[in-house]
file protein_37.cif (mmCIF, C-alpha atoms and all ligand atoms)
data_entry
#
loop_
_atom_site.label_atom_id
_atom_site.label_comp_id
_atom_site.auth_asym_id
_atom_site.auth_seq_id
_atom_site.Cartn_x
_atom_site.Cartn_y
_atom_site.Cartn_z
CA MET A 1 -17.26 15.62 15.67
CA GLU A 2 -14.79 18.32 14.47
CA ASN A 3 -14.12 19.16 18.14
CA ASN A 4 -13.81 15.53 18.98
CA LEU A 5 -11.50 14.13 16.32
CA PRO A 6 -10.26 10.55 16.47
CA VAL A 7 -6.96 10.25 18.28
CA ASN A 8 -5.69 7.12 16.55
CA ILE A 9 -6.23 4.86 13.55
CA ARG A 10 -8.37 2.45 15.54
CA GLU A 11 -10.88 5.21 16.24
CA TYR A 12 -10.94 6.06 12.53
CA GLN A 13 -11.66 2.41 11.82
CA GLU A 14 -14.66 2.53 14.16
CA LEU A 15 -15.97 5.67 12.44
CA ALA A 16 -15.47 4.07 9.02
CA LYS A 17 -17.50 1.09 10.12
CA LYS A 18 -20.37 3.37 11.07
CA ALA A 19 -20.10 5.42 7.87
CA LEU A 20 -20.00 2.58 5.36
CA SER A 21 -22.43 -0.11 4.29
CA LYS A 22 -21.52 -3.59 5.56
CA MET A 23 -20.52 -4.59 2.03
CA HIS A 24 -18.08 -1.70 1.66
CA TYR A 25 -16.66 -1.95 5.14
CA ASP A 26 -16.08 -5.68 4.71
CA TYR A 27 -14.48 -5.06 1.31
CA ILE A 28 -11.97 -2.67 2.86
CA ASN A 29 -11.41 -4.46 6.11
CA GLY A 30 -11.51 -8.11 5.06
CA GLY A 31 -8.82 -10.53 4.02
CA ALA A 32 -8.49 -13.94 2.40
CA GLU A 33 -9.96 -17.15 3.84
CA ASP A 34 -9.22 -17.49 7.59
CA GLU A 35 -7.76 -13.96 7.62
CA HIS A 36 -4.70 -15.29 9.44
CA THR A 37 -2.31 -13.14 7.41
CA LEU A 38 -4.57 -10.12 7.79
CA ARG A 39 -4.43 -10.42 11.59
CA ASP A 40 -0.77 -11.38 11.72
CA ASN A 41 0.31 -8.36 9.68
CA ILE A 42 -0.74 -6.29 12.69
CA ALA A 43 0.09 -8.79 15.44
CA ALA A 44 3.67 -9.26 14.21
CA TYR A 45 4.42 -5.60 14.92
CA GLY A 46 3.31 -6.25 18.49
CA ARG A 47 5.99 -8.93 18.83
CA ILE A 48 8.78 -6.47 18.04
CA LEU A 49 9.96 -4.29 20.90
CA LEU A 50 11.87 -1.05 20.83
CA ARG A 51 15.30 -0.42 22.37
CA PRO A 52 15.31 3.28 23.18
CA ARG A 53 18.49 5.25 23.75
CA VAL A 54 18.23 8.13 26.17
CA LEU A 55 19.99 11.40 26.89
CA VAL A 56 20.10 12.28 23.22
CA ASP A 57 19.15 15.85 22.31
CA VAL A 58 15.96 15.24 20.34
CA SER A 59 14.76 18.84 20.07
CA ASN A 60 15.04 18.58 16.28
CA ILE A 61 13.70 15.52 14.51
CA ASP A 62 14.23 15.14 10.76
CA MET A 63 11.97 12.55 9.13
CA SER A 64 12.89 13.46 5.56
CA THR A 65 14.07 10.90 3.05
CA SER A 66 14.03 10.26 -0.68
CA LEU A 67 12.81 7.60 -3.05
CA LEU A 68 14.00 7.24 -6.64
CA GLY A 69 15.45 10.72 -6.31
CA TYR A 70 12.24 12.35 -5.05
CA ASN A 71 12.43 14.08 -1.68
CA MET A 72 9.78 13.16 0.86
CA PRO A 73 9.16 14.86 4.22
CA SER A 74 8.49 11.47 5.79
CA PRO A 75 8.85 7.81 4.80
CA ILE A 76 5.07 7.25 4.88
CA ILE A 77 3.50 6.62 1.47
CA VAL A 78 -0.16 6.12 0.53
CA ALA A 79 -0.55 2.54 -0.76
CA PRO A 80 -2.59 1.81 -3.88
CA THR A 81 -6.08 0.78 -2.86
CA GLY A 82 -8.99 0.30 -5.22
CA SER A 83 -12.37 1.92 -5.25
CA HIS A 84 -12.21 4.85 -2.87
CA ASN A 85 -15.75 5.60 -1.98
CA SER A 86 -15.89 8.95 -0.25
CA LYS A 87 -18.41 10.93 -2.20
CA PRO A 88 -18.08 12.89 -4.36
CA ARG A 89 -14.37 13.08 -4.91
CA ARG A 90 -13.06 9.59 -4.19
CA GLU A 91 -9.36 9.24 -5.22
CA VAL A 92 -9.21 12.97 -5.91
CA ALA A 93 -9.89 13.51 -2.20
CA THR A 94 -7.12 11.07 -1.30
CA ALA A 95 -4.74 12.70 -3.78
CA LYS A 96 -5.42 16.12 -2.28
CA ALA A 97 -5.00 14.79 1.24
CA ALA A 98 -1.66 13.21 0.34
CA ALA A 99 -0.51 16.29 -1.57
CA SER A 100 -1.33 18.58 1.33
CA CYS A 101 1.04 16.49 3.48
CA ASN A 102 3.59 16.29 0.62
CA SER A 103 3.17 12.53 0.82
CA LEU A 104 3.72 10.27 -2.12
CA MET A 105 0.56 8.51 -3.30
CA VAL A 106 0.41 5.40 -5.43
CA LEU A 107 -2.78 5.50 -7.50
CA SER A 108 -4.50 2.13 -7.87
CA PHE A 109 -5.23 0.56 -11.24
CA SER A 110 -8.73 -0.02 -9.80
CA SER A 111 -9.27 3.66 -9.05
CA ASN A 112 -12.79 5.03 -9.02
CA CYS A 113 -11.50 8.24 -10.61
CA ARG A 114 -9.90 8.57 -13.98
CA ILE A 115 -6.11 8.90 -14.07
CA GLU A 116 -6.48 12.27 -15.80
CA GLU A 117 -8.84 13.58 -13.13
CA VAL A 118 -6.46 12.66 -10.30
CA ALA A 119 -3.49 14.15 -12.13
CA ALA A 120 -5.33 17.42 -12.81
CA SER A 121 -6.61 17.75 -9.23
CA CYS A 122 -3.34 18.88 -7.62
CA ASP A 123 0.41 18.99 -8.15
CA ALA A 124 2.25 16.15 -6.46
CA ILE A 125 4.69 13.34 -7.08
CA ARG A 126 2.63 10.23 -7.73
CA PHE A 127 3.30 6.65 -8.81
CA TYR A 128 0.87 4.47 -10.74
CA GLN A 129 0.02 0.89 -9.78
CA LEU A 130 -0.50 -1.56 -12.61
CA TYR A 131 -2.15 -4.94 -13.02
CA VAL A 132 -1.31 -6.98 -16.10
CA PHE A 133 -4.43 -7.85 -18.04
CA LYS A 134 -4.85 -10.78 -20.41
CA LYS A 135 -5.26 -8.08 -23.03
CA ARG A 136 -1.81 -6.54 -22.73
CA ALA A 137 -2.98 -3.58 -24.80
CA VAL A 138 -5.24 -2.50 -21.92
CA SER A 139 -2.34 -2.42 -19.45
CA ALA A 140 -0.11 -0.75 -22.04
CA THR A 141 -2.69 1.98 -22.60
CA LEU A 142 -2.90 2.67 -18.88
CA VAL A 143 0.89 2.88 -18.64
CA ARG A 144 0.87 5.45 -21.46
CA ARG A 145 -1.84 7.44 -19.72
CA ALA A 146 0.10 7.37 -16.45
CA GLU A 147 3.22 8.56 -18.29
CA SER A 148 1.48 11.38 -20.09
CA ASN A 149 -0.17 12.50 -16.86
CA GLY A 150 3.11 12.90 -15.05
CA PHE A 151 3.23 9.79 -12.88
CA LYS A 152 6.84 9.09 -11.97
CA ALA A 153 7.01 5.30 -11.60
CA ILE A 154 5.03 2.14 -12.18
CA VAL A 155 4.28 -0.13 -9.25
CA LEU A 156 3.61 -3.55 -10.73
CA THR A 157 1.56 -5.70 -8.38
CA VAL A 158 2.65 -9.31 -8.74
CA ASP A 159 0.71 -11.15 -6.04
CA ASN A 160 -2.60 -11.12 -7.88
CA PRO A 161 -2.49 -13.66 -10.74
CA MET A 162 -5.82 -14.83 -9.37
CA LEU A 163 -8.04 -13.24 -6.77
CA GLY A 164 -7.57 -14.38 -3.18
CA ARG A 165 -10.68 -15.97 -1.72
CA ARG A 166 -12.26 -13.13 0.23
CA GLU A 167 -15.13 -14.79 1.95
CA ARG A 168 -16.70 -11.63 3.33
CA ASP A 169 -17.11 -10.36 -0.25
CA ILE A 170 -18.52 -13.71 -1.36
CA ARG A 171 -21.00 -13.70 1.54
CA ASN A 172 -22.02 -10.08 0.79
CA LYS A 173 -22.32 -10.75 -2.96
CA MET A 174 -19.91 -7.88 -3.44
CA VAL A 175 -20.84 -5.62 -6.33
CA ALA A 176 -17.74 -4.76 -8.37
CA PRO A 177 -17.19 -0.99 -8.32
CA ALA A 178 -17.19 0.94 -11.60
CA LYS A 179 -13.87 1.04 -13.43
CA PRO A 180 -13.87 4.39 -15.23
CA ASN A 181 -10.28 3.96 -16.41
CA LEU A 182 -11.24 0.88 -18.35
CA GLU A 183 -14.16 2.47 -20.18
CA GLY A 184 -13.79 2.00 -23.91
CA LEU A 185 -10.92 -0.46 -23.38
CA ILE A 186 -12.71 -3.53 -22.18
CA SER A 187 -16.29 -4.59 -21.74
CA LEU A 188 -17.18 -5.58 -18.20
CA GLU A 189 -20.61 -6.96 -18.82
CA ASN A 190 -22.29 -9.91 -17.20
CA LEU A 191 -20.52 -9.55 -13.88
CA ASP A 192 -23.03 -11.88 -12.29
CA THR A 193 -22.78 -13.03 -8.70
CA THR A 194 -22.79 -16.76 -9.41
CA ASP A 195 -19.56 -17.01 -7.42
CA GLY A 196 -20.83 -14.68 -4.74
CA SER A 197 -18.54 -11.70 -5.21
CA GLN A 198 -18.59 -10.00 -8.62
CA LEU A 199 -14.89 -9.38 -8.11
CA VAL A 200 -14.22 -13.08 -8.61
CA LYS A 201 -15.61 -12.97 -12.13
CA TYR A 202 -14.07 -9.59 -12.92
CA VAL A 203 -10.58 -10.79 -12.02
CA ARG A 204 -11.05 -14.16 -13.72
CA ASP A 205 -12.18 -12.44 -16.92
CA THR A 206 -9.47 -9.81 -17.01
CA MET A 207 -6.27 -10.52 -15.11
CA ASP A 208 -3.68 -12.83 -16.53
CA PRO A 209 -2.80 -15.89 -14.44
CA SER A 210 0.15 -16.53 -16.77
CA LEU A 211 1.84 -13.41 -15.34
CA SER A 212 5.58 -14.18 -15.06
CA TRP A 213 9.04 -12.62 -15.03
CA LYS A 214 8.73 -12.29 -18.81
CA ASP A 215 6.05 -9.68 -18.19
CA VAL A 216 8.46 -7.61 -16.15
CA GLU A 217 10.67 -7.61 -19.27
CA TRP A 218 7.63 -6.68 -21.36
CA LEU A 219 6.78 -3.80 -19.05
CA LYS A 220 10.37 -2.54 -19.20
CA SER A 221 10.15 -2.65 -23.00
CA ILE A 222 7.08 -0.40 -23.12
CA THR A 223 8.01 2.25 -20.56
CA SER A 224 11.04 4.20 -19.50
CA LEU A 225 9.52 4.85 -16.07
CA PRO A 226 11.17 3.07 -13.15
CA ILE A 227 9.34 -0.09 -12.10
CA LEU A 228 8.80 -1.29 -8.54
CA LEU A 229 7.54 -4.80 -7.86
CA LYS A 230 4.85 -5.02 -5.19
CA GLY A 231 4.20 -8.37 -3.54
CA ILE A 232 7.68 -9.81 -2.90
CA LEU A 233 7.92 -12.00 0.23
CA THR A 234 11.08 -14.09 -0.20
CA ALA A 235 14.83 -13.55 -0.59
CA GLU A 236 14.70 -15.68 -3.77
CA ASP A 237 12.21 -13.42 -5.52
CA ALA A 238 13.92 -10.30 -4.20
CA ARG A 239 17.17 -11.41 -5.89
CA LYS A 240 15.29 -12.15 -9.11
CA ALA A 241 13.67 -8.72 -8.97
CA VAL A 242 17.07 -7.04 -8.71
CA GLU A 243 18.38 -9.19 -11.59
CA ALA A 244 15.34 -8.16 -13.62
CA GLY A 245 16.45 -4.55 -13.24
CA VAL A 246 13.58 -3.16 -11.21
CA ALA A 247 14.00 0.13 -9.36
CA GLY A 248 12.48 -1.02 -6.10
CA VAL A 249 10.95 -3.91 -4.21
CA ILE A 250 7.82 -3.72 -2.08
CA VAL A 251 7.41 -6.38 0.59
CA SER A 252 3.66 -6.90 0.60
CA ASN A 253 1.04 -9.60 0.97
CA HIS A 254 -1.67 -7.31 -0.37
CA GLY A 255 -2.84 -6.55 3.15
CA GLY A 256 -3.69 -10.23 3.75
CA ARG A 257 -6.17 -10.24 0.86
CA GLN A 258 -4.42 -12.74 -1.41
CA LEU A 259 -2.61 -15.81 -0.02
CA ASP A 260 -3.74 -16.58 3.50
CA TYR A 261 -0.92 -17.93 5.71
CA ALA A 262 1.60 -15.90 3.75
CA PRO A 263 3.92 -14.45 6.40
CA ALA A 264 3.33 -11.12 8.07
CA THR A 265 5.31 -8.68 5.98
CA ILE A 266 7.36 -7.27 8.86
CA SER A 267 8.56 -10.81 9.66
CA VAL A 268 10.17 -11.24 6.21
CA LEU A 269 11.34 -7.68 5.62
CA GLU A 270 14.84 -8.30 6.91
CA GLU A 271 15.29 -11.39 4.73
CA VAL A 272 14.36 -9.36 1.65
CA VAL A 273 16.52 -6.41 2.65
CA LYS A 274 19.54 -8.70 3.05
CA ALA A 275 18.91 -10.33 -0.34
CA VAL A 276 18.59 -6.98 -2.09
CA ALA A 277 21.83 -5.87 -0.40
CA GLY A 278 21.29 -2.18 -1.05
CA ALA A 279 20.90 -2.56 -4.83
CA VAL A 280 17.46 -0.91 -4.79
CA PRO A 281 15.20 0.56 -2.10
CA VAL A 282 12.89 -1.81 -0.23
CA LEU A 283 9.46 -0.66 0.95
CA VAL A 284 7.03 -2.59 3.11
CA ASP A 285 3.28 -2.47 3.66
CA GLY A 286 0.69 -4.36 5.67
CA GLY A 287 -0.47 -3.78 9.21
CA ILE A 288 1.06 -0.38 9.85
CA ARG A 289 -1.23 1.39 12.31
CA ARG A 290 1.21 3.35 14.50
CA GLY A 291 4.26 5.55 14.17
CA THR A 292 6.13 2.94 16.20
CA ASP A 293 5.31 0.40 13.45
CA VAL A 294 6.96 2.70 10.92
CA LEU A 295 10.03 3.02 13.12
CA LYS A 296 10.24 -0.78 13.46
CA ALA A 297 10.04 -1.23 9.68
CA LEU A 298 12.78 1.34 9.09
CA ALA A 299 14.99 -0.27 11.74
CA LEU A 300 14.62 -3.57 9.88
CA GLY A 301 15.81 -1.96 6.66
CA ALA A 302 12.81 -0.45 4.86
CA ARG A 303 13.40 2.81 3.00
CA GLY A 304 9.75 3.67 3.47
CA VAL A 305 6.35 2.21 4.31
CA MET A 306 3.00 2.23 2.58
CA VAL A 307 -0.32 2.42 4.39
CA GLY A 308 -3.54 1.14 2.86
CA ARG A 309 -6.57 0.73 5.10
CA PRO A 310 -5.80 3.57 7.54
CA VAL A 311 -6.13 6.13 4.74
CA MET A 312 -9.34 4.48 3.56
CA TYR A 313 -10.75 4.62 7.10
CA GLY A 314 -9.97 8.34 7.26
CA LEU A 315 -11.55 8.89 3.87
CA ALA A 316 -14.69 6.96 4.74
CA ALA A 317 -15.05 8.73 8.08
CA ARG A 318 -14.31 12.33 7.12
CA GLY A 319 -13.45 12.51 3.42
CA GLU A 320 -10.32 14.41 2.39
CA ALA A 321 -9.90 15.91 5.89
CA GLY A 322 -9.97 12.44 7.42
CA ALA A 323 -7.42 11.00 5.00
CA LYS A 324 -5.17 13.99 5.64
CA HIS A 325 -5.57 13.66 9.39
CA VAL A 326 -4.61 9.97 9.23
CA ILE A 327 -1.39 10.76 7.35
CA GLU A 328 -0.60 13.64 9.73
CA MET A 329 -1.32 11.50 12.76
CA LEU A 330 1.06 8.76 11.57
CA ASN A 331 3.71 11.37 10.83
CA ARG A 332 3.36 12.90 14.32
CA GLU A 333 3.43 9.45 15.93
CA LEU A 334 6.60 8.59 14.02
CA GLU A 335 8.21 11.85 15.11
CA LEU A 336 7.38 11.14 18.74
CA ALA A 337 8.56 7.52 18.49
CA MET A 338 11.86 8.71 17.03
CA ALA A 339 12.31 11.25 19.81
CA LEU A 340 11.56 8.72 22.54
CA CYS A 341 13.93 6.21 20.92
CA GLY A 342 16.68 8.81 20.65
CA CYS A 343 16.70 8.94 16.85
CA ARG A 344 17.10 12.41 15.35
CA SER A 345 17.03 11.32 11.72
CA LEU A 346 15.95 8.28 9.77
CA ALA A 347 19.62 7.31 9.43
CA GLU A 348 19.73 6.96 13.22
CA ILE A 349 16.94 4.36 13.17
CA THR A 350 19.39 1.50 13.14
CA ARG A 351 18.86 -2.24 13.56
CA ASP A 352 19.76 -2.11 17.25
CA ARG A 353 16.69 0.02 17.98
CA VAL A 354 14.48 -3.07 17.75
CA GLN A 355 14.34 -6.47 19.35
CA THR A 356 12.57 -9.12 17.27
CA GLU A 357 11.43 -12.54 18.39
CA GLY A 358 14.47 -13.97 16.61
CA ASP A 359 16.75 -11.70 18.64
CA ARG A 360 15.17 -12.94 21.88
CA ILE A 361 15.76 -16.60 20.97
CA ARG A 362 19.38 -16.04 20.04
C1 LIG A 401 -5.77 -3.02 -1.53
N1 LIG A 401 -4.50 -3.28 -2.06
C2 LIG A 401 -4.28 -3.09 -3.40
N2 LIG A 401 -3.04 -3.30 -3.93
C3 LIG A 401 -2.80 -3.06 -5.22
O1 LIG A 401 -1.67 -3.24 -5.66
N3 LIG A 401 -3.79 -2.63 -6.05
C4 LIG A 401 -5.05 -2.41 -5.61
O2 LIG A 401 -5.93 -2.00 -6.37
C5 LIG A 401 -5.32 -2.68 -4.25
N4 LIG A 401 -6.58 -2.51 -3.75
C6 LIG A 401 -6.81 -2.64 -2.41
C7 LIG A 401 -8.08 -2.36 -1.90
C8 LIG A 401 -8.30 -2.41 -0.53
C9 LIG A 401 -9.66 -2.11 0.00
C10 LIG A 401 -7.24 -2.76 0.34
C11 LIG A 401 -7.45 -2.80 1.83
C12 LIG A 401 -6.00 -3.07 -0.16
C13 LIG A 401 -3.38 -3.63 -1.16
C14 LIG A 401 -2.67 -2.38 -0.66
O3 LIG A 401 -1.93 -1.75 -1.67
C15 LIG A 401 -1.69 -2.68 0.47
O4 LIG A 401 -0.82 -3.71 0.06
C16 LIG A 401 -2.37 -3.08 1.78
O5 LIG A 401 -3.56 -2.36 1.96
C17 LIG A 401 -1.43 -2.86 2.94
O6 LIG A 401 -2.00 -3.30 4.13
P1 LIG A 401 -2.77 -2.33 5.16
O7 LIG A 401 -1.99 -1.05 5.26
O8 LIG A 401 -4.13 -2.13 4.60
O9 LIG A 401 -2.78 -3.14 6.41
#

call {"tool": "encode", "arguments": {"input": "protein_37.cif", "output": "structure tokens"}}
result
Amino acid sequence: MENNLPVNIREYQELAKKALSKMHYDYINGGAEDEHTLRDNIAAYGRILLRPRVLVDVSNIDMSTSLLGYNMPSPIIVAPTGSHNSKPRREVATAKAAASCNSLMVLSFSSNCRIEEVAASCDAIRFYQLYVFKKRAVSATLVRRAESNGFKAIVLTVDNPMLGRRERDIRNKMVAPAKPNLEGLISLENLDTTDGSQLVKYVRDTMDPSLSWKDVEWLKSITSLPILLKGILTAEDARKAVEAGVAGVIVSNHGGRQLDYAPATISVLEEVVKAVAGAVPVLVDGGIRRGTDVLKALALGARGVMVGRPVMYGLAARGEAGAKHVIEMLNRELELAMALCGCRSLAEITRDRVQTEGDRIR
């Protein structure tokens, strides 16, 4: 296999399918209900075309950017995804893969590795993703642990007051992965499969459906770290997020795993970017499988993009080396897409480099 490495994310997905049990593959790959949003996250990129400019000297391409003052060699960030299952190193393998590409990683609240273990594994800039539990003290403790372990920002996921109905997990009677970060903080007993997936009961028992803007205030009151809100899909909420004083907005529908028939993220990115009006950086995730997708997102105003499943496919297929290869591949694809579009820097990826469906109607 080492001489015959996958050449794109789709091939990594095929390898991941072979490497994982059906339950785990479905957990990673599935979405909510009819999986319309899951499919459309990807399909919507296909409806956006590129407008290349030629006869530009593209012998030097600079993909570097910054986020919250941290320099990044490329705008591609590792999204927070729960329960990495490459053995033995799980999120440590992902963290090392990201660090070796100097890519920012957002560690999931539902990590299979302890926060401390990930932090100690390698030096890198990392953010920590938080869910708000009914027991606020649990979330507060995890914020403190993220702070003391050098994480630089909190990504508060706000699209998960209840678990989306993931029918593949229900059908497979999904077994909830261990939650080592919650040991000693909360008892997760009796996760029966009455509702099919154990995740249904886990989320119902722990996460707080009363989550509201007041909790953003609460989070600000317990940490001095910058806070990004993940799961914003409308101009209205984007404006409220800025008013609430967050440091960044992430346009996300949780990879189509929460509200089915929520819009494809790339189709609402521009609306959010306009509403935010430059006050804070806007990131987007969902459906990014190609460097050209990254270019499209940047042209529509994203400061950076996060990728979820592709990194998990790489990890499942080839462990740390696979996750690293996925990040490198996306970086190389972005570099090539920029060159062929005549963009020498991210600043040159302007709105006129893309043609959306809306542009074609006008
Ligand atoms: C996720 N996502 C997610 N988001 C989050 O805030 N906390 C989490 O623990 C998880 N866990 C998780 C597990 C798995 C298996 C997946 C696929 C996704 C959502 C994730 O951060 C991101 O929004 C999407 O994965 C982006 O879509 P793509 O890149 O997977 O298409």

call {"tool": "residues_near_ligand", "arguments": {"input": "protein_37.cif", "ligand": "ligand LIG 401 (chain A)", "cutoff": "8 Å", "atoms": "all atoms listed in the file", "output": "compact mmCIF listing (two decimals) with C-alpha atoms, in the frame of the given file"}}
result
# COMPACT_ATOMS: atom_id res chain seq x y z
CA TYR A 27 -14.48 -5.06 1.31
CA ILE A 28 -11.97 -2.67 2.86
CA ASN A 29 -11.41 -4.46 6.11
CA GLY A 30 -11.51 -8.11 5.06
CA LEU A 38 -4.57 -10.12 7.79
CA ASN A 41 0.31 -8.36 9.68
CA ILE A 42 -0.74 -6.29 12.69
CA ALA A 79 -0.55 2.54 -0.76
CA PRO A 80 -2.59 1.81 -3.88
CA THR A 81 -6.08 0.78 -2.86
CA GLY A 82 -8.99 0.30 -5.22
CA SER A 83 -12.37 1.92 -5.25
CA HIS A 84 -12.21 4.85 -2.87
CA SER A 108 -4.50 2.13 -7.87
CA PHE A 109 -5.23 0.56 -11.24
CA SER A 110 -8.73 -0.02 -9.80
CA SER A 111 -9.27 3.66 -9.05
CA GLN A 129 0.02 0.89 -9.78
CA LEU A 130 -0.50 -1.56 -12.61
CA TYR A 131 -2.15 -4.94 -13.02
CA VAL A 155 4.28 -0.13 -9.25
CA LEU A 156 3.61 -3.55 -10.73
CA THR A 157 1.56 -5.70 -8.38
CA LYS A 230 4.85 -5.02 -5.19
CA GLY A 231 4.20 -8.37 -3.54
CA SER A 252 3.66 -6.90 0.60
CA ASN A 253 1.04 -9.60 0.97
CA HIS A 254 -1.67 -7.31 -0.37
CA GLY A 255 -2.84 -6.55 3.15
CA GLY A 256 -3.69 -10.23 3.75
CA ARG A 257 -6.17 -10.24 0.86
CA ASP A 285 3.28 -2.47 3.66
CA GLY A 286 0.69 -4.36 5.67
CA GLY A 287 -0.47 -3.78 9.21
CA ILE A 288 1.06 -0.38 9.85
CA ARG A 289 -1.23 1.39 12.31
CA MET A 306 3.00 2.23 2.58
CA VAL A 307 -0.32 2.42 4.39
CA GLY A 308 -3.54 1.14 2.86
CA ARG A 309 -6.57 0.73 5.10
CA PRO A 310 -5.80 3.57 7.54
CA MET A 312 -9.34 4.48 3.56

call {"tool": "residues_around", "arguments": {"input": "protein_37.cif", "residues": "Asp40 (chain A)", "least_positions_apart": "5", "cutoff": "12 Å", "atoms": "all atoms listed in the file", "output": "PDB file with C-alpha atoms, in the coordinates of the input"}}
result
ATOM      1  CA  GLY A  31      -8.820 -10.530   4.020  1.00  0.00           C
ATOM      2  CA  ASP A  34      -9.220 -17.490   7.590  1.00  0.00           C
ATOM      3  CA  GLU A  35      -7.760 -13.960   7.620  1.00  0.00           C
ATOM      4  CA  TYR A  45       4.420  -5.600  14.920  1.00  0.00           C
ATOM      5  CA  GLY A  46       3.310  -6.250  18.490  1.00  0.00           C
ATOM      6  CA  ARG A  47       5.990  -8.930  18.830  1.00  0.00           C
ATOM      7  CA  ASN A 253       1.040  -9.600   0.970  1.00  0.00           C
ATOM      8  CA  GLY A 255      -2.840  -6.550   3.150  1.00  0.00           C
ATOM      9  CA  GLY A 256      -3.690 -10.230   3.750  1.00  0.00           C
ATOM     10  CA  ASP A 260      -3.740 -16.580   3.500  1.00  0.00           C
ATOM     11  CA  TYR A 261      -0.920 -17.930   5.710  1.00  0.00           C
ATOM     12  CA  ALA A 262       1.600 -15.900   3.750  1.00  0.00           C
ATOM     13  CA  PRO A 263       3.920 -14.450   6.400  1.00  0.00           C
ATOM     14  CA  ALA A 264       3.330 -11.120   8.070  1.00  0.00           C
ATOM     15  CA  THR A 265       5.310  -8.680   5.980  1.00  0.00           C
ATOM     16  CA  ILE A 266       7.360  -7.270   8.860  1.00  0.00           C
ATOM     17  CA  SER A 267       8.560 -10.810   9.660  1.00  0.00           C
ATOM     18  CA  GLY A 286       0.690  -4.360   5.670  1.00  0.00           C
ATOM     19  CA  GLY A 287      -0.470  -3.780   9.210  1.00  0.00           C
ATOM     20  CA  ILE A 288       1.060  -0.380   9.850  1.00  0.00           C
TER      21      ILE A 288
END

call {"tool": "atom_distance", "arguments": {"input": "protein_37.cif", "atom1": "CA of Arg290 (chain A)", "atom2": "CA of Ala99 (chain A)"}}
result
20.7 Å

call {"tool": "closest_atom_pairs", "arguments": {"input": "protein_37.cif", "of": "region 139-239 of chain A", "to": "region 68-77 of chain A", "cutoff": "10 Å", "atoms": "only C-alpha atoms", "output": "CSV"}}
result
residue,atom,partner,partner_atom,distance
A:Lys152,CA,A:Leu68,CA,9.1
A:Ala153,CA,A:Leu68,CA,8.8
A:Pro226,CA,A:Leu68,CA,8.2

call {"tool": "closest_residue", "arguments": {"input": "protein_37.cif", "among": "A:Ile125, A:Ala279, A:Leu300, A:Ala16", "to": "Ala347 (chain A)", "atoms": "all atoms listed in the file"}}
result
A:Leu300

call {"tool": "closest_residue", "arguments": {"input": "protein_37.cif", "among": "A:Glu33, A:Glu328, A:Asp159, A:Asp293", "to": "Ile232 (chain A)", "atoms": "all atoms listed in the file"}}
result
A:Asp159

call {"tool": "closest_residue", "arguments": {"input": "protein_37.cif", "among": "A:Met174, A:Pro6, A:Met23, A:Arg53", "to": "Gly342 (chain A)", "atoms": "only C-alpha atoms"}}
result
A:Arg53

call {"tool": "residues_around", "arguments": {"input": "protein_37.cif", "residues": "region 274-278 of chain A", "least_positions_apart": "5", "cutoff": "10 Å", "atoms": "only C-alpha atoms", "output": "list in words"}}
result
Thr234, Ala235, Glu236, Asp237, Ala238, Arg239, Lys240, Ala241, Val242, Glu243, Gly248, Val249, Leu269, Leu300 and Gly301 of chain A

call {"tool": "atom_distance", "arguments": {"input": "protein_37.cif", "atom1": "CA of Thr223 (chain A)", "atom2": "CA of Leu199 (chain A)"}}
result
28.5 Å

call {"tool": "closest_residue", "arguments": {"input": "protein_37.cif", "among": "A:Leu283, A:Ile115, A:Met207, A:Ala43", "to": "Val143 (chain A)", "atoms": "only C-alpha atoms"}}
result
A:Ile115

call {"tool": "atom_distance", "arguments": {"input": "protein_37.cif", "atom1": "CA of Ile222 (chain A)", "atom2": "CA of Arg136 (chain A)"}}
result
10.8 Å

call {"tool": "closest_residue", "arguments": {"input": "protein_37.cif", "among": "A:Gln198, A:Gln355, A:Thr206, A:Ser148", "to": "Met162 (chain A)", "atoms": "only C-alpha atoms"}}
result
A:Thr206

call {"tool": "closest_residue", "arguments": {"input": "protein_37.cif", "among": "A:Ser197, A:Ser139, A:Asn85, A:Gln258", "to": "Trp218 (chain A)", "atoms": "only C-alpha atoms"}}
result
A:Ser139

call {"tool": "residues_near_point", "arguments": {"input": "protein_37.cif", "point": "(18.0, -10.6, 16.1)", "cutoff": "12 Å", "atoms": "all atoms listed in the file", "output": "VMD selection string"}}
result
chain A and resid 48 to 49 267 270 to 271 299 to 300 351 to 362

call {"tool": "residues_around", "arguments": {"input": "protein_37.cif", "residues": "region 54-62 of chain A", "least_positions_apart": "2", "cutoff": "7 Å", "atoms": "all atoms listed in the file", "output": "number ranges by chain"}}
result
A: 52, 64, 335, 339, 342, 344-345

call {"tool": "write_last_selection", "arguments": {"input": "protein_37.cif", "atoms": "C-alpha atoms", "output": "mmCIF file, keeping the file's coordinate frame"}}
result
data_model
loop_
_atom_site.group_PDB
_atom_site.id
_atom_site.type_symbol
_atom_site.label_atom_id
_atom_site.label_comp_id
_atom_site.auth_asym_id
_atom_site.auth_seq_id
_atom_site.Cartn_x
_atom_site.Cartn_y
_atom_site.Cartn_z
ATOM 1 C CA PRO A 52 15.310 3.280 23.180
ATOM 2 C CA SER A 64 12.890 13.460 5.560
ATOM 3 C CA GLU A 335 8.210 11.850 15.110
ATOM 4 C CA ALA A 339 12.310 11.250 19.810
ATOM 5 C CA GLY A 342 16.680 8.810 20.650
ATOM 6 C CA ARG A 344 17.100 12.410 15.350
ATOM 7 C CA SER A 345 17.030 11.320 11.720
#
